[in-house]
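Trainee: Below are the structure tokens for one structure; questions will follow.
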Amino acid sequence: MAAAASMTATSLTLALLPPQGLRGSTRSLPSTKPQRWFSRKAGSNWVTAKFELKPPPYPMNALEPHMSQETFTYHWGKHHRAYVDNLNKQIVGTELEGLSLEEIIIVSYNKGDILPAFNNAAQAWNHEFFWESMKPGGGGKPSGDLLDLIERDFGSFERFIEEFKSAAATQFGSGWAWLAYKANRLNVDNAVNPWPSEKDKKLVVVKSPNAVNPLIWDYFPLLTIDVWEHAYYLDFQNRRPDYISIFMEKLVSWEAVSARLEKAKAQVAEREMEEERRKKEEEEEDDEDVEMYVDSNTDDSEAE
Amino acid sequence: MALRSLATRKTLTQGLNSVKLTQSRALQTFSLPDLPYDYGALEPAISGEIMELHHQKHHQTYITNYNKALEQLHEAILKGDSSTVVKLQSAIKFNGGGHINHSIFWKNLAPIREGGGEPPKGSLGWAIDTSFGSFESLIQKISAEGAALQGSGWVWLGVDKELKKLVIETTANQDPLVTKGPNLVPLLGIDVWEHAYYLQYKNVRPDYLKNIWKVINWQYASEVYEKECP
Ligand SMILES: [Fe+2]
Ligand SMILES: [Fe+2]
């Protein structure tokens, strides 16, 4: 009975929480028991929809001359599309069908023992996030909360820019550089900080190889730059540092980054409330266990 | 007398030491090897623009950064600075690997009029038939593995010099073939970084992998094979 009740609670949490909320309970996800996924799908009456290639939030030539229409046409129209198409083909009829993109990323990352769907799923997610990290007439400097946090965690906006540029320039081979919000998480995959404090919630710059993104470390991504060669080769050839500078100076949408930060903070607050509530529940269950033990003890003594 | 010989020996030792020190100070650095053909000589399989950028910019950058890392390593070793020595390993592997791999890659290519694309004869030809069924199925297998490689890297035909056996391997980024096994010797390496084909083939890596066979120098691969498996 207690077990059934807690299972319902888990499924509910999965269905209701926003994508990142899932990650609090990743460790309890039954990746080895696909039937749970199916029952959840059936229970919530999901229609199995294919993932769609979302058009970028501006016209293909809107980032000229900093990112050419030609680059954009190939990058979105060929590369991004291929990741989405291949993912759709790959998940048909598997336990991944019907999950959200974020859920597929976490499940198929499989704690580092990567399953085939991971590359396409993560790349589909990364590219959509990348298009939305830019805007025509972008660049400049952020303000408000975001700027305060940047100055607190990197010393100054200029120091942050240096750190971000250097991460993007030194990612050996294909990959991504990120600004992310790291809430109470240790620098170990999925490890929870046992003694979290406000100070542990901070901005970090990280880089990742190929398709990997910070969701798998349980971070909240805020900004990304694609440093696969296809992202800049037609416009900059081998000059990756020039591409990175132009991206920071002319393309970054600080509004998008700010909005993501606010969303991340709200999700973290929600997650903390949820964890608090769960802890309380567990304590109450423990109390019940003790009562039962006392009861049975009494029974024994009566039998004697 | 005994005292004198001792003194002599001491001077000698000191002399030797100082020679050793000077030698270790003269650090060997690397420079860009010349291409054995013109940049445009592999057209239309690989454009002259790609070859020029690939050789003059990409390979040169690996060499520059490799030399830089070696100098820093040298200094760190002299200072006994272990943490810097360890920290430099990834830059040395990446840039040193980039230098090694590209140096092989240039020799793996040849213009058609100089024999590029001509299938291997002799013992390598035999070994390929024995291991893979036919030359065509080898090409198919290497192309498929190269196309499937995620991100940047290389696809190789190598020989295990102990087992005398041909192998197909892929390596990530600039990892040289030897990272897949200490006895592996590269006969042929194909660069599947996007910089190797993007200006000409864009996102269609399989087309690059279809056309590159027209300019593969099997003569070179045969020579390496025969040296390792006489
Ligand atoms: Fe990309
Ligand atoms: Fe290359």
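Each chain in the structure tokens gets a letter, A, B and so on, in the order shown; residues start at 1 in every chain, and ligands are counted from 1 in the order they appear.
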When the cut-off is 6 Å and you count only C-alpha atoms and all ligand atoms, which residues lie near ligand 1, shown as a list in words?
Mentor: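 Listing the residues within 6 Å of ligand 1 gives Asp226, Trp228 and Ala231 of chain A.
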Trainee: Dump the neighbourhood of ligand 2 as a list in words: all residues within 6 Å, distances computed on only C-alpha atoms and all ligand atoms.
Mentor: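 Checked against 6 Å with only C-alpha atoms and all ligand atoms; the hits are Asp191, Trp193 and Ala196 of chain B.
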Trainee: Just write the chosen residues, C-alpha atoms, as a PDB file, in the first residue's frame.
Mentor:
ATOM      1  CA  ASP B 191      40.529  12.835 -41.639  1.00  0.00           C
ATOM      2  CA  TRP B 193      36.916  16.483 -39.200  1.00  0.00           C
ATOM      3  CA  ALA B 196      38.600  18.293 -44.183  1.00  0.00           C
TER       4      ALA B 196
END
Trainee: Select, as an mmCIF file with C-alpha atoms, in the first residue's frame, those residues of chain B with any atom no more than 6 Å from chain A (distances computed using only C-alpha atoms).
Mentor:
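Saved the output as result23.cif:
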data_model
loop_
_atom_site.group_PDB
_atom_site.id
_atom_site.type_symbol
_atom_site.label_atom_id
_atom_site.label_comp_id
_atom_site.auth_asym_id
_atom_site.auth_seq_id
_atom_site.Cartn_x
_atom_site.Cartn_y
_atom_site.Cartn_z
ATOM 1 C CA GLY B 151 32.001 14.661 -34.040
ATOM 2 C CA SER B 152 35.619 15.010 -35.125
ATOM 3 C CA ASN B 173 39.594 14.194 -32.243
ATOM 4 C CA GLU B 194 34.512 18.877 -40.856
#
Trainee: Taking into account only C-alpha atoms, which residue in the set A:Ala124, A:Arg240, A:Gln171, A:Phe72 is nearest to B:His58?
Mentor: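 Checking each candidate against B:His58, we get A:Arg240 as the closest.
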Trainee: Might you pull out every residue within 9 Å of B:Ala127, with only C-alpha atoms counted and same-chain residues fewer than 5 positions away left off, and present them as a PDB file with N, CA, C and O atoms, in the first residue's frame?
Mentor:
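Okay, this is what ended up in result26.pdb:
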ATOM      1  N   GLY B 122      50.487  -6.647 -54.681  1.00  0.00           N
ATOM      2  CA  GLY B 122      51.410  -7.334 -53.794  1.00  0.00           C
ATOM      3  C   GLY B 122      50.789  -7.781 -52.492  1.00  0.00           C
ATOM      4  O   GLY B 122      49.580  -8.038 -52.420  1.00  0.00           O
ATOM      5  N   PHE B 132      39.202  -8.952 -45.553  1.00  0.00           N
ATOM      6  CA  PHE B 132      37.921  -8.257 -45.759  1.00  0.00           C
ATOM      7  C   PHE B 132      37.117  -8.806 -46.943  1.00  0.00           C
ATOM      8  O   PHE B 132      36.069  -8.269 -47.269  1.00  0.00           O
ATOM      9  N   LYS B 165      48.129  -8.500 -38.512  1.00  0.00           N
ATOM     10  CA  LYS B 165      46.715  -8.533 -38.884  1.00  0.00           C
ATOM     11  C   LYS B 165      46.233  -7.125 -39.219  1.00  0.00           C
ATOM     12  O   LYS B 165      46.589  -6.160 -38.552  1.00  0.00           O
ATOM     13  N   LEU B 166      45.416  -7.006 -40.259  1.00  0.00           N
ATOM     14  CA  LEU B 166      44.861  -5.700 -40.626  1.00  0.00           C
ATOM     15  C   LEU B 166      43.673  -5.362 -39.724  1.00  0.00           C
ATOM     16  O   LEU B 166      42.888  -6.237 -39.367  1.00  0.00           O
TER      17      LEU B 166
END
